[in-house]
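Pasted below: model.csv, CSV, C-alpha atoms and all ligand atoms.
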```
chain,number,residue,atom,x,y,z
A,1288,MET,CA,2.8,-12.5,35.6
A,1289,ASN,CA,-0.2,-10.6,34.3
A,1290,THR,CA,-1.0,-7.4,36.1
A,1291,ILE,CA,0.2,-3.9,35.6
A,1292,SER,CA,2.2,-4.1,38.8
A,1293,ASP,CA,4.3,-6.7,37.1
A,1294,ILE,CA,5.7,-4.2,34.7
A,1295,LYS,CA,9.1,-2.9,35.8
A,1296,ILE,CA,9.2,0.9,35.5
A,1297,THR,CA,12.3,3.0,35.5
A,1298,GLN,CA,11.3,6.7,34.9
A,1299,SER,CA,13.4,9.1,33.0
A,1300,LEU,CA,14.9,11.7,35.3
A,1301,THR,CA,14.6,14.4,32.6
A,1302,SER,CA,12.1,15.0,29.8
A,1303,LYS,CA,12.9,16.0,26.2
A,1304,ILE,CA,9.4,17.4,25.8
A,1305,ASN,CA,10.4,21.1,26.1
A,1306,GLU,CA,12.8,20.7,23.2
A,1307,VAL,CA,10.0,19.6,20.8
A,1308,ASP,CA,8.2,22.0,18.4
A,1309,PHE,CA,4.8,20.3,18.4
A,1310,GLU,CA,3.6,22.6,15.6
A,1311,ASN,CA,6.3,21.4,13.2
A,1312,LEU,CA,6.7,17.7,13.5
A,1313,THR,CA,8.0,15.5,10.8
A,1314,PHE,CA,6.1,12.2,10.9
A,1315,GLY,CA,7.8,9.5,13.0
A,1316,SER,CA,11.0,11.3,13.7
A,1317,ILE,CA,10.8,12.3,17.4
A,1318,PHE,CA,10.1,9.8,20.2
A,1319,THR,CA,8.8,10.3,23.7
A,1320,ASP,CA,10.7,9.9,26.9
A,1321,HIS,CA,10.0,6.2,27.5
A,1322,MET,CA,9.8,2.8,25.7
A,1323,LEU,CA,8.6,-0.6,26.5
A,1324,ILE,CA,10.8,-3.7,26.2
A,1325,CYS,CA,9.8,-7.3,26.7
A,1326,ASP,CA,12.2,-10.2,25.8
A,1327,PHE,CA,11.3,-13.7,24.9
A,1328,LYS,CA,13.8,-16.4,25.8
A,1329,ASN,CA,13.9,-20.0,27.1
A,1330,GLY,CA,10.5,-20.4,25.6
A,1331,ALA,CA,8.8,-17.7,27.7
A,1332,TRP,CA,8.1,-14.0,27.8
A,1333,GLN,CA,10.2,-12.3,30.5
A,1334,GLN,CA,9.1,-9.4,32.7
A,1335,PRO,CA,8.1,-6.3,30.6
A,1336,GLU,CA,10.1,-3.2,31.3
A,1337,ILE,CA,9.4,0.5,30.7
A,1338,LYS,CA,12.5,2.6,30.7
A,1339,PRO,CA,14.0,5.8,29.2
A,1340,TYR,CA,14.0,5.8,25.4
A,1341,GLU,CA,17.6,4.9,24.4
A,1342,PRO,CA,19.5,2.7,21.9
A,1343,PHE,CA,20.4,-0.8,22.8
A,1344,LEU,CA,23.1,-3.4,22.0
A,1345,ILE,CA,22.4,-6.3,19.7
A,1346,ASP,CA,24.7,-9.0,18.4
A,1347,PRO,CA,25.7,-8.6,14.8
A,1348,SER,CA,24.7,-12.2,14.1
A,1349,ALA,CA,21.1,-11.6,15.4
A,1350,LYS,CA,18.6,-13.2,13.0
A,1351,VAL,CA,16.7,-10.1,12.4
A,1352,PHE,CA,19.7,-8.7,10.4
A,1353,HIS,CA,20.1,-11.8,8.2
A,1354,TYR,CA,16.7,-13.4,7.8
A,1355,GLY,CA,14.3,-10.5,8.4
A,1356,GLN,CA,12.2,-11.8,11.2
A,1357,ALA,CA,10.6,-8.4,12.0
A,1358,ILE,CA,7.0,-7.3,12.3
A,1359,PHE,CA,5.3,-4.2,13.5
A,1360,GLU,CA,2.0,-2.4,14.1
A,1361,GLY,CA,0.9,1.2,13.6
A,1362,MET,CA,-1.7,2.8,15.9
A,1363,LYS,CA,-2.7,6.2,17.3
A,1364,ALA,CA,-3.8,7.7,20.6
A,1365,TYR,CA,-5.7,10.9,20.9
A,1366,LYS,CA,-6.4,13.3,23.7
A,1367,ASP,CA,-9.9,14.6,24.2
A,1368,ALA,CA,-11.0,18.0,25.6
A,1369,ALA,CA,-11.1,16.6,29.1
A,1370,ASN,CA,-7.5,15.5,28.9
A,1371,ASP,CA,-8.3,11.8,28.7
A,1372,VAL,CA,-6.3,9.7,26.2
A,1373,TRP,CA,-8.1,7.2,23.8
A,1374,LEU,CA,-6.9,4.4,21.7
A,1375,PHE,CA,-8.7,3.4,18.5
A,1376,ARG,CA,-9.6,-0.3,18.2
A,1377,PRO,CA,-6.4,-1.5,19.8
A,1378,ASP,CA,-7.8,-5.1,20.0
A,1379,GLN,CA,-7.6,-5.2,16.2
A,1380,ASN,CA,-3.9,-4.2,16.2
A,1381,PHE,CA,-3.2,-6.7,18.9
A,1382,GLU,CA,-4.9,-9.5,17.0
A,1383,ARG,CA,-3.2,-8.6,13.8
A,1384,PHE,CA,0.2,-8.4,15.4
A,1385,ASN,CA,-0.1,-12.0,16.6
A,1386,LYS,CA,-1.3,-13.2,13.2
A,1387,SER,CA,1.8,-11.5,11.7
A,1388,ALA,CA,4.0,-13.2,14.5
A,1389,THR,CA,2.6,-16.6,13.6
A,1390,ARG,CA,3.2,-16.1,9.9
A,1391,LEU,CA,6.9,-15.2,10.6
A,1392,ALA,CA,7.4,-18.1,13.0
A,1393,MET,CA,7.6,-15.7,15.9
A,1394,PRO,CA,6.0,-16.2,19.3
A,1395,GLU,CA,2.6,-14.5,20.0
A,1396,VAL,CA,2.8,-11.6,22.5
A,1397,PRO,CA,0.5,-11.9,25.5
A,1398,GLU,CA,-2.4,-9.4,25.7
A,1399,PHE,CA,-1.1,-8.1,29.0
A,1400,VAL,CA,2.3,-7.1,27.5
A,1401,PHE,CA,0.8,-5.5,24.4
A,1402,ILE,CA,-2.3,-3.8,25.7
A,1403,ASP,CA,-1.6,-3.2,29.4
A,1404,GLY,CA,2.0,-2.5,28.6
A,1405,LEU,CA,0.9,0.1,26.0
A,1406,LYS,CA,-1.6,1.8,28.4
A,1407,THR,CA,1.0,2.0,31.1
A,1408,LEU,CA,3.6,3.4,28.7
A,1409,ILE,CA,1.2,6.0,27.3
A,1410,ASN,CA,0.2,7.1,30.9
A,1411,LEU,CA,3.8,7.9,31.6
A,1412,ASP,CA,4.2,9.9,28.4
A,1413,LYS,CA,0.7,11.4,28.5
A,1414,ALA,CA,2.0,15.0,28.3
A,1415,TRP,CA,3.2,14.1,24.8
A,1416,VAL,CA,-0.4,13.6,23.5
A,1417,LYS,CA,-1.8,17.0,22.6
A,1418,HIS,CA,-5.5,17.9,22.2
A,1419,GLU,CA,-4.9,20.5,19.5
A,1420,ASN,CA,-6.5,20.0,16.1
A,1421,GLY,CA,-5.0,17.2,14.2
A,1422,SER,CA,-2.6,16.1,17.0
A,1423,SER,CA,-2.1,12.5,17.9
A,1424,LEU,CA,0.5,10.1,19.3
A,1425,TYR,CA,1.7,7.5,16.8
A,1426,ILE,CA,2.3,4.2,18.4
A,1427,ARG,CA,4.8,1.7,17.0
A,1428,PRO,CA,4.8,-1.8,18.6
A,1429,PHE,CA,7.3,-4.1,16.9
A,1430,MET,CA,9.1,-7.4,17.4
A,1431,ILE,CA,12.5,-8.5,16.1
A,1432,ALA,CA,14.5,-11.8,16.3
A,1433,THR,CA,17.4,-11.1,18.7
A,1434,GLY,CA,18.8,-14.7,18.9
A,1435,SER,CA,22.4,-14.9,17.6
A,1436,GLY,CA,23.8,-17.2,14.9
A,1437,VAL,CA,23.5,-17.0,11.1
A,1438,ILE,CA,22.1,-20.5,10.7
A,1439,ALA,CA,18.9,-20.1,8.7
A,1440,GLN,CA,16.3,-21.1,11.3
A,1441,PRO,CA,13.8,-19.2,13.3
A,1442,SER,CA,15.3,-17.4,16.3
A,1443,THR,CA,14.7,-18.7,19.8
A,1444,GLN,CA,15.0,-15.2,21.2
A,1445,TYR,CA,12.9,-12.2,20.4
A,1446,ARG,CA,12.4,-8.6,21.6
A,1447,PHE,CA,9.0,-6.9,21.6
A,1448,MET,CA,9.1,-3.1,22.0
A,1449,ILE,CA,6.7,-0.2,21.9
A,1450,ILE,CA,7.9,3.3,21.0
A,1451,LEU,CA,5.8,6.5,20.7
A,1452,SER,CA,6.0,9.4,18.4
A,1453,PRO,CA,4.0,12.7,18.6
A,1454,ALA,CA,2.3,13.4,15.3
A,1455,LYS,CA,0.4,16.2,13.6
A,1456,SER,CA,-2.2,15.4,10.9
A,1457,TYR,CA,-0.4,14.0,7.9
A,1458,TYR,CA,-0.8,15.6,4.5
A,1459,SER,CA,1.2,14.2,1.7
A,1460,GLY,CA,-0.1,16.8,-0.7
A,1461,GLU,CA,-1.4,15.8,-4.1
A,1462,VAL,CA,-0.7,12.1,-4.7
A,1463,LYS,CA,-0.4,10.8,-8.2
A,1464,VAL,CA,-0.1,7.1,-8.5
A,1465,ILE,CA,0.9,4.6,-11.1
A,1466,ILE,CA,-0.7,1.2,-11.5
A,1467,ALA,CA,1.7,-1.7,-11.2
A,1468,GLU,CA,2.2,-3.7,-14.4
A,1469,HIS,CA,5.3,-5.6,-13.4
A,1470,TYR,CA,6.3,-5.4,-9.7
A,1471,SER,CA,4.2,-6.9,-6.9
A,1472,ARG,CA,3.8,-6.2,-3.2
A,1473,ALA,CA,2.5,-9.6,-2.3
A,1474,ALA,CA,1.7,-13.0,-3.7
A,1475,ASN,CA,-0.6,-15.8,-2.8
A,1476,GLY,CA,1.1,-17.9,-0.1
A,1477,GLY,CA,3.4,-15.1,0.7
A,1478,ILE,CA,3.5,-12.6,3.6
A,1479,GLY,CA,1.4,-9.8,2.2
A,1480,ALA,CA,-1.3,-10.2,4.8
A,1481,ALA,CA,1.3,-9.8,7.6
A,1482,LYS,CA,2.6,-6.5,8.8
A,1483,ALA,CA,6.2,-7.6,8.1
A,1484,ALA,CA,9.1,-5.3,7.7
A,1485,GLY,CA,10.2,-7.2,4.5
A,1486,ASN,CA,7.0,-6.2,2.7
A,1487,TYR,CA,8.1,-2.6,3.0
A,1488,SER,CA,11.7,-3.2,1.9
A,1489,ALA,CA,10.4,-5.0,-1.2
A,1490,GLN,CA,8.3,-1.9,-2.1
A,1491,PHE,CA,11.1,0.6,-1.8
A,1492,TYR,CA,12.7,0.0,-5.2
A,1493,PRO,CA,9.6,-0.1,-7.4
A,1494,THR,CA,8.3,3.0,-5.5
A,1495,LYS,CA,11.6,4.8,-6.2
A,1496,LEU,CA,11.2,4.0,-9.9
A,1497,ALA,CA,7.6,5.4,-9.7
A,1498,ASN,CA,9.0,8.5,-7.9
A,1499,ASP,CA,11.5,9.1,-10.7
A,1500,GLU,CA,8.6,9.2,-13.1
A,1501,GLY,CA,6.8,11.8,-11.0
A,1502,PHE,CA,4.4,9.5,-9.1
A,1503,GLN,CA,4.3,9.4,-5.3
A,1504,GLN,CA,2.9,5.9,-4.9
A,1505,ILE,CA,2.0,2.7,-6.7
A,1506,ILE,CA,-1.4,1.0,-6.8
A,1507,TRP,CA,-0.5,-2.6,-6.4
A,1508,THR,CA,-2.2,-5.2,-8.6
A,1509,ASP,CA,-2.5,-9.0,-8.1
A,1510,ASP,CA,0.9,-10.6,-8.9
A,1511,ALA,CA,-0.5,-13.3,-11.2
A,1512,THR,CA,-2.4,-11.2,-13.8
A,1513,HIS,CA,-1.9,-7.5,-12.8
A,1514,THR,CA,-5.5,-6.9,-13.6
A,1515,LYS,CA,-7.0,-6.5,-10.1
A,1516,LEU,CA,-6.4,-3.4,-8.0
A,1517,GLU,CA,-5.3,-4.3,-4.5
A,1518,GLU,CA,-3.6,-1.6,-2.4
A,1519,ALA,CA,-2.1,1.9,-2.7
A,1520,GLY,CA,1.4,2.1,-1.4
A,1521,THR,CA,1.2,1.0,2.2
A,1522,MET,CA,-2.6,1.8,2.4
A,1523,ASN,CA,-5.7,0.0,1.5
A,1524,VAL,CA,-7.4,1.6,-1.5
A,1525,PHE,CA,-11.0,2.7,-2.2
A,1526,PHE,CA,-12.6,3.8,-5.6
A,1527,ARG,CA,-15.7,5.8,-6.0
A,1528,ILE,CA,-17.5,5.1,-9.2
A,1529,ASN,CA,-20.6,7.3,-9.4
A,1530,ASP,CA,-21.8,7.2,-5.8
A,1531,THR,CA,-20.6,3.6,-5.0
A,1532,LEU,CA,-17.5,3.0,-3.0
A,1533,LEU,CA,-15.5,0.0,-4.1
A,1534,THR,CA,-12.7,-1.8,-2.3
A,1535,ALA,CA,-11.1,-5.2,-2.7
A,1536,PRO,CA,-11.8,-8.0,-0.2
A,1537,THR,CA,-8.9,-8.8,2.1
A,1538,SER,CA,-6.9,-11.9,1.0
A,1539,GLU,CA,-3.4,-13.4,1.4
A,1540,ARG,CA,-2.2,-10.5,-0.7
A,1541,ILE,CA,-4.0,-7.6,1.1
A,1542,LEU,CA,-3.5,-6.3,4.6
A,1543,ASP,CA,-6.6,-6.3,6.7
A,1544,GLY,CA,-6.4,-2.6,7.6
A,1545,VAL,CA,-8.2,-1.2,10.7
A,1546,THR,CA,-8.9,2.0,8.8
A,1547,ARG,CA,-10.3,0.1,5.8
A,1548,LYS,CA,-12.8,-1.8,7.9
A,1549,SER,CA,-13.7,1.4,9.8
A,1550,VAL,CA,-14.3,3.3,6.5
A,1551,ILE,CA,-16.6,0.5,5.3
A,1552,ASP,CA,-18.7,0.6,8.5
A,1553,LEU,CA,-18.8,4.4,8.5
A,1554,ALA,CA,-19.7,4.7,4.9
A,1555,LYS,CA,-22.5,2.2,5.3
A,1556,ARG,CA,-23.8,4.2,8.3
A,1557,GLU,CA,-23.8,7.3,6.1
A,1558,ASN,CA,-25.9,5.3,3.6
A,1559,ILE,CA,-23.1,5.2,1.0
A,1560,GLU,CA,-23.3,2.1,-1.1
A,1561,VAL,CA,-20.2,0.0,-0.5
A,1562,GLU,CA,-19.2,-3.0,-2.6
A,1563,VAL,CA,-16.4,-5.2,-1.3
A,1564,ARG,CA,-15.2,-7.1,-4.4
A,1565,SER,CA,-12.4,-7.3,-6.9
A,1566,VAL,CA,-12.0,-4.1,-8.8
A,1567,LEU,CA,-10.4,-4.5,-12.2
A,1568,VAL,CA,-7.9,-2.1,-13.8
A,1569,GLU,CA,-10.0,-2.3,-17.0
A,1570,GLU,CA,-13.1,-1.2,-15.0
A,1571,LEU,CA,-11.2,1.8,-13.5
A,1572,VAL,CA,-9.8,2.9,-16.9
A,1573,HIS,CA,-13.3,2.6,-18.4
A,1574,ALA,CA,-14.9,4.6,-15.6
A,1575,ALA,CA,-12.2,7.3,-15.9
A,1576,LYS,CA,-12.8,7.6,-19.6
A,1577,GLU,CA,-16.6,7.9,-19.3
A,1578,GLY,CA,-16.4,10.2,-16.3
A,1579,SER,CA,-18.0,8.0,-13.7
A,1580,LEU,CA,-14.8,7.6,-11.7
A,1581,LYS,CA,-15.1,10.3,-9.0
A,1582,GLU,CA,-12.5,9.5,-6.4
A,1583,ILE,CA,-9.6,7.2,-5.4
A,1584,PHE,CA,-8.3,7.3,-1.9
A,1585,GLY,CA,-5.9,5.4,0.4
A,1586,ALA,CA,-6.9,4.4,3.9
A,1587,GLY,CA,-4.4,3.8,6.7
A,1588,THR,CA,-3.6,4.8,10.3
A,1589,ALA,CA,-0.9,7.4,9.5
A,1590,ALA,CA,-2.8,9.5,7.0
A,1591,VAL,CA,-6.3,8.2,7.9
A,1592,ILE,CA,-7.5,9.1,4.3
A,1593,ASN,CA,-5.2,10.1,1.5
A,1594,PRO,CA,-7.0,11.4,-1.6
A,1595,ILE,CA,-5.4,10.5,-4.9
A,1596,ALA,CA,-5.3,13.1,-7.7
A,1597,GLY,CA,-4.9,10.8,-10.7
A,1598,PHE,CA,-3.4,7.6,-11.9
A,1599,SER,CA,-1.2,6.4,-14.7
A,1600,TYR,CA,-1.7,3.1,-16.6
A,1601,GLN,CA,0.2,1.9,-19.6
A,1602,GLY,CA,1.6,5.3,-20.2
A,1603,THR,CA,-1.6,7.3,-20.1
A,1604,TYR,CA,-2.4,9.6,-17.2
A,1605,TYR,CA,-6.0,9.9,-16.0
A,1606,GLU,CA,-6.7,13.0,-13.9
A,1607,LEU,CA,-9.6,12.7,-11.4
A,1608,PRO,CA,-12.2,15.5,-11.1
A,1609,LYS,CA,-11.8,18.1,-8.4
A,1610,LEU,CA,-14.9,17.8,-6.2
A,1611,GLU,CA,-16.5,20.4,-3.9
A,1612,THR,CA,-17.6,17.7,-1.5
A,1613,SER,CA,-15.8,14.3,-1.6
A,1614,PHE,CA,-16.4,11.0,0.2
A,1615,ALA,CA,-12.7,11.1,1.2
A,1616,GLN,CA,-13.1,14.4,3.0
A,1617,ASP,CA,-16.4,13.5,4.6
A,1618,ILE,CA,-15.3,10.1,5.8
A,1619,LYS,CA,-12.0,11.5,7.1
A,1620,THR,CA,-13.8,14.2,9.1
A,1621,LYS,CA,-16.3,11.8,10.6
A,1622,LEU,CA,-13.7,9.1,11.4
A,1623,THR,CA,-11.3,11.6,12.9
A,1624,ALA,CA,-14.1,13.1,15.0
A,1625,ILE,CA,-14.8,9.6,16.5
A,1626,GLN,CA,-11.1,9.0,17.1
A,1627,THR,CA,-10.7,12.3,18.9
A,1628,LYS,CA,-14.0,12.0,20.8
A,1629,ASP,CA,-15.4,15.1,19.1
A,1630,ALA,CA,-18.3,12.9,17.9
A,1631,GLU,CA,-20.2,10.1,19.7
A,1632,ASP,CA,-18.6,6.7,19.1
A,1633,THR,CA,-21.7,4.7,18.2
A,1634,PHE,CA,-19.5,1.8,17.1
A,1635,GLY,CA,-17.7,1.3,20.5
A,1636,TRP,CA,-14.3,1.7,18.8
A,1637,THR,CA,-12.5,4.0,21.2
A,1638,VAL,CA,-10.8,2.6,24.4
A,1639,LYS,CA,-9.8,4.9,27.2
A,1640,VAL,CA,-6.2,4.6,28.4
R,1,LIG,C1,-0.6,-1.0,7.8
R,1,LIG,C2,-1.0,-1.2,6.4
R,1,LIG,C3,-2.3,-0.8,6.0
R,1,LIG,C4,-3.2,0.0,6.8
R,1,LIG,O1,-3.7,-0.6,8.0
R,1,LIG,P1,-4.3,0.2,9.1
R,1,LIG,O2,-4.6,-0.8,10.2
R,1,LIG,O3,-5.5,0.9,8.6
R,1,LIG,O4,-3.3,1.2,9.6
R,1,LIG,C5,-2.6,-1.1,4.7
R,1,LIG,N1,-1.8,-1.8,3.9
R,1,LIG,C6,-0.6,-2.2,4.2
R,1,LIG,C7,0.3,-2.9,3.3
R,1,LIG,C8,-0.1,-1.9,5.5
R,1,LIG,O5,1.1,-2.3,5.9
```
Let me see whether you can do it: turn the structure in this file into C-alpha cells.
Amino acid sequence: MNTISDIKITQSLTSKINEVDFENLTFGSIFTDHMLICDFKNGAWQQPEIKPYEPFLIDPSAKVFHYGQAIFEGMKAYKDAANDVWLFRPDQNFERFNKSATRLAMPEVPEFVFIDGLKTLINLDKAWVKHENGSSLYIRPFMIATGSGVIAQPSTQYRFMIILSPAKSYYSGEVKVIIAEHYSRAANGGIGAAKAAGNYSAQFYPTKLANDEGFQQIIWTDDATHTKLEEAGTMNVFFRINDTLLTAPTSERILDGVTRKSVIDLAKRENIEVEVRSVLVEELVHAAKEGSLKEIFGAGTAAVINPIAGFSYQGTYYELPKLETSFAQDIKTKLTAIQTKDAEDTFGWTVKV
C-alpha cells in the first residue's frame, strides 16, 4: 500500500467554507472540511482515510489520556498568484515527526501516509488556502496512543491524523519575556527535542505565572544552571548583539526548528554574521546594559518571526531599542516571500502540492 489511489476518500457533501470570515480568523480555531486518519494496529499501519472533519470515539482507558503518548507537528501551506499551493520544507517536519515518535516509543509513520496523505488532503481543501496577503493554511499532523488499558506500557494501537486550519499572519503584539530562573522546559535525557504534547503542558503553569507578572512568554534556560539561553516560549530564540545574530545550537533540550535553520541560512545569504553557540544570560544582561543588544526574536512556524520588546531578569526589566530597520522584520519579509512564492526560492525549500 503506497500510492495515492490507496487512500480511501469520502468527500464531505457540504462545505463550511462560506460560514468562515477569512479576514478575522483566530489562530487554530477553525478547521477545514476534511481530515486524514490512519490507524496502527496488529503491528501495521492500516489504510489511510480522508473523510469529513468530525469528532471520533475513543476508549476512556486509551493510553494517551493516562501516559501522554502524543506528538505533533506544525507546518504551513501557501497559495501563490497562479493558484498553486506550496508546502515549506515538509521533509523536515516528516523526519522530525518520526524522531519524536521514536522518542515516545511510538511507531514511525510511513512517508506515503504523511506526505502523500497531506498533499491529497490539501488538494481536497484547496479552496481554504487563500492567496491574500498573510494568509496560509496551518497544518497539524499528530499521533496519539489509542490502545486501551491503564497498564503503564506503550500502546499497541495508535492513530495518526492531519487536520488543517486557515490562518492569517499572526501578530502577538509587543512581547515581553522573563528569563527562567527556576522552571525548565526540558532537561538532558528528557523529551525536549521531541515535539511532544507533554512539553507544552509542562510549560503552561510557569507561563501563567509569567503572565500574571505582565510577561507574555518565558525565555527558557538550561535546567542544570539556568545560565544559558535556550528557547523563547514555544519558539527558538535569536539575539542580535551589534550586527551579529546569535542562537543556541540544538541539543537534547532544544527543538530543531525548521524556521530556526531557515533563518540561519537566510541570514548567512544576506551576509549577516551568524554564531551558533551557547548564549549566556550574563552576556545578554551585559550587552543590554552597554547598549550592544539590539534585538531578540523568536522563530517558529506559527508566527514565523516574533520580535521581543524587552526581557526581565532577577527583577530588572531591560527594554530593547526601537529600531527603524530590524533583522527580525527583514528576515521575516524575505522568508515569507520565499514561502508564498513572491521571491525566488534559491534554497529549494518549497514543494508544490
Ligand atoms: C515547534 C517548536 C519550535 C519551532 O519549530 P518550527 O519547525 O520552526 O515550527 C521551537 N521550539 C519548540 C519547543 C517547538 O515546539
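Of the listed residues A:Glu1500, A:Asp1371, A:Glu1582, A:Glu1539, the one whose atoms come nearest to Glu1517 in chain A is A:Glu1539, with distances taken using all atoms listed in the file.
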Could I get the residues of chain A with an atom no further than 10 Å from an atom of ligand LIG 1 (chain R), each paired with its nearest atom pair and that distance in Å to one decimal, using all atoms listed in the file, sorted by chain and residue number, as a Markdown table?
```
| residue | atom | partner | partner_atom | distance |
| --- | --- | --- | --- | --- |
| A:Phe1359 | CA | R:LIG1 | C1 | 8.8 |
| A:Glu1360 | CA | R:LIG1 | C1 | 7.0 |
| A:Gly1361 | CA | R:LIG1 | O4 | 5.8 |
| A:Met1362 | CA | R:LIG1 | O4 | 6.7 |
| A:Lys1363 | CA | R:LIG1 | O4 | 9.2 |
| A:Arg1376 | CA | R:LIG1 | O2 | 9.4 |
| A:Pro1377 | CA | R:LIG1 | O2 | 9.8 |
| A:Gln1379 | CA | R:LIG1 | O2 | 8.0 |
| A:Asn1380 | CA | R:LIG1 | O2 | 6.9 |
| A:Arg1383 | CA | R:LIG1 | O2 | 8.7 |
| A:Arg1472 | CA | R:LIG1 | C7 | 8.1 |
| A:Ala1473 | CA | R:LIG1 | C7 | 9.0 |
| A:Gly1479 | CA | R:LIG1 | C7 | 7.1 |
| A:Ala1480 | CA | R:LIG1 | C7 | 7.6 |
| A:Ala1481 | CA | R:LIG1 | O5 | 7.7 |
| A:Lys1482 | CA | R:LIG1 | O5 | 5.3 |
| A:Ala1483 | CA | R:LIG1 | O5 | 7.7 |
| A:Ala1484 | CA | R:LIG1 | O5 | 8.7 |
| A:Asn1486 | CA | R:LIG1 | C7 | 7.5 |
| A:Tyr1487 | CA | R:LIG1 | O5 | 7.6 |
| A:Gln1490 | CA | R:LIG1 | C7 | 9.7 |
| A:Trp1507 | CA | R:LIG1 | C7 | 9.7 |
| A:Glu1517 | CA | R:LIG1 | N1 | 9.4 |
| A:Glu1518 | CA | R:LIG1 | N1 | 6.6 |
| A:Ala1519 | CA | R:LIG1 | N1 | 7.6 |
| A:Gly1520 | CA | R:LIG1 | C7 | 6.9 |
| A:Thr1521 | CA | R:LIG1 | C7 | 4.2 |
| A:Met1522 | CA | R:LIG1 | C5 | 3.7 |
| A:Asn1523 | CA | R:LIG1 | C5 | 4.6 |
| A:Val1524 | CA | R:LIG1 | C5 | 8.3 |
| A:Arg1540 | CA | R:LIG1 | C7 | 8.9 |
| A:Ile1541 | CA | R:LIG1 | C7 | 6.7 |
| A:Leu1542 | CA | R:LIG1 | N1 | 4.9 |
| A:Asp1543 | CA | R:LIG1 | O1 | 6.5 |
| A:Gly1544 | CA | R:LIG1 | O1 | 3.4 |
| A:Val1545 | CA | R:LIG1 | O2 | 3.7 |
| A:Thr1546 | CA | R:LIG1 | O3 | 3.6 |
| A:Arg1547 | CA | R:LIG1 | O3 | 5.6 |
| A:Lys1548 | CA | R:LIG1 | O3 | 7.8 |
| A:Ser1549 | CA | R:LIG1 | O3 | 8.3 |
| A:Val1550 | CA | R:LIG1 | O3 | 9.4 |
| A:Gly1585 | CA | R:LIG1 | C5 | 8.5 |
| A:Ala1586 | CA | R:LIG1 | O3 | 6.0 |
| A:Gly1587 | CA | R:LIG1 | O3 | 3.6 |
| A:Thr1588 | CA | R:LIG1 | O4 | 3.7 |
| A:Ala1589 | CA | R:LIG1 | O4 | 6.6 |
| A:Ala1590 | CA | R:LIG1 | O4 | 8.7 |
| A:Val1591 | CA | R:LIG1 | O3 | 7.4 |
| A:Ile1592 | CA | R:LIG1 | O3 | 9.5 |
```
For this session: Show me as a PyMOL selection string the residues that reach within 8 Å of (13.5, 9.9, 33.1), counting only C-alpha atoms and using the file's own coordinates.
Result: chain A and resi 1297-1302+1320-1321+1338-1339
Restricting the output to C-alpha atoms, write the selected residues as a tab-separated table (two decimals), in the frame of the given file.
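What follows is the written file result-v7.tsv:
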```tsv
chain	number	residue	atom	x	y	z
A	1297	THR	CA	12.30	3.00	35.50
A	1298	GLN	CA	11.30	6.70	34.90
A	1299	SER	CA	13.40	9.10	33.00
A	1300	LEU	CA	14.90	11.70	35.30
A	1301	THR	CA	14.60	14.40	32.60
A	1302	SER	CA	12.10	15.00	29.80
A	1320	ASP	CA	10.70	9.90	26.90
A	1321	HIS	CA	10.00	6.20	27.50
A	1338	LYS	CA	12.50	2.60	30.70
A	1339	PRO	CA	14.00	5.80	29.20
```
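In this structure, CA of Tyr1470 in chain A sits 14.8 Å away from CA of Gly1485 in chain A.
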For this session: Name the residues in contact with Asn1385 in chain A at a cut-off of 8 Å, using all atoms listed in the file, excluding same-chain residues fewer than 2 positions from it; report them as a list in words.
Result: Phe1381, Glu1382, Arg1383, Ser1387, Ala1388, Thr1389, Pro1394, Glu1395 and Val1396 of chain A
For this session: Work out how far apart CA of Leu1411 in chain A and CA of Met1322 in chain A are and give it in Å to one decimal.
Result: 9.8 Å
Problem set entry | Residue among A:Pro1594, A:Gly1355, A:Pro1397, A:Gly1635 lying closest to Gln1333 in chain A, counting only C-alpha atoms | A:Pro1397
Exercise. Hey, which of A:Trp1373, A:Tyr1425, A:Phe1309, A:Tyr1445 ends up closest to Lys1328 in chain A? Count only C-alpha atoms.
Worked result: A:Tyr1445
Need to verify the contact set: Pro1441 in chain A, 12 Å, only C-alpha atoms, exclusion of same-chain residues closer than 3 positions in sequence. Can you return it as a short mmCIF file (atom, residue, chain, number, x, y, z; two decimals) with C-alpha atoms, in the frame of the given file?
```
data_model
loop_
_atom_site.label_atom_id
_atom_site.label_comp_id
_atom_site.auth_asym_id
_atom_site.auth_seq_id
_atom_site.Cartn_x
_atom_site.Cartn_y
_atom_site.Cartn_z
CA ALA A 1349 21.10 -11.60 15.40
CA LYS A 1350 18.60 -13.20 13.00
CA VAL A 1351 16.70 -10.10 12.40
CA HIS A 1353 20.10 -11.80 8.20
CA TYR A 1354 16.70 -13.40 7.80
CA GLY A 1355 14.30 -10.50 8.40
CA GLN A 1356 12.20 -11.80 11.20
CA ALA A 1357 10.60 -8.40 12.00
CA ALA A 1388 4.00 -13.20 14.50
CA THR A 1389 2.60 -16.60 13.60
CA ARG A 1390 3.20 -16.10 9.90
CA LEU A 1391 6.90 -15.20 10.60
CA ALA A 1392 7.40 -18.10 13.00
CA MET A 1393 7.60 -15.70 15.90
CA PRO A 1394 6.00 -16.20 19.30
CA ILE A 1431 12.50 -8.50 16.10
CA ALA A 1432 14.50 -11.80 16.30
CA THR A 1433 17.40 -11.10 18.70
CA GLY A 1434 18.80 -14.70 18.90
CA SER A 1435 22.40 -14.90 17.60
CA GLY A 1436 23.80 -17.20 14.90
CA VAL A 1437 23.50 -17.00 11.10
CA ILE A 1438 22.10 -20.50 10.70
CA GLN A 1444 15.00 -15.20 21.20
CA TYR A 1445 12.90 -12.20 20.40
#
```
For this session: Write out as number ranges by chain the residues lying within 9 Å of Lys1417 in chain A, counting all atoms listed in the file and excluding same-chain residues fewer than 6 positions away.
Result: A: 1309, 1365-1367, 1370, 1423-1424, 1453
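Between CA of Ile1402 in chain A and CA of Ile1618 in chain A the separation is 27.5 Å.
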For this session: Find, counting all atoms listed in the file, the residue in A:Ile1478, A:Ala1454, A:Ile1345, A:Ile1465 that gets nearest to Tyr1605 in chain A.
Result: A:Ile1465
Exercise. Could you pull the residues within 9 Å of Lys1609 in chain A, counting all atoms listed in the file, minus those fewer than 3 positions along the same chain, as an MDAnalysis selection string?
Worked result: chainID A and resid 1581:1582 1596 1613
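The environment of Glu1336 in chain A within 10 Å, counting all atoms listed in the file and disregarding residues fewer than 4 places along the same chain, consists of A:Asp1293, A:Ile1294, A:Lys1295, A:Ile1296, A:Thr1297, A:Met1322, A:Leu1323, A:Ile1324, A:Cys1325, A:Asp1326, A:Val1400, A:Gly1404, A:Leu1408, A:Met1448.
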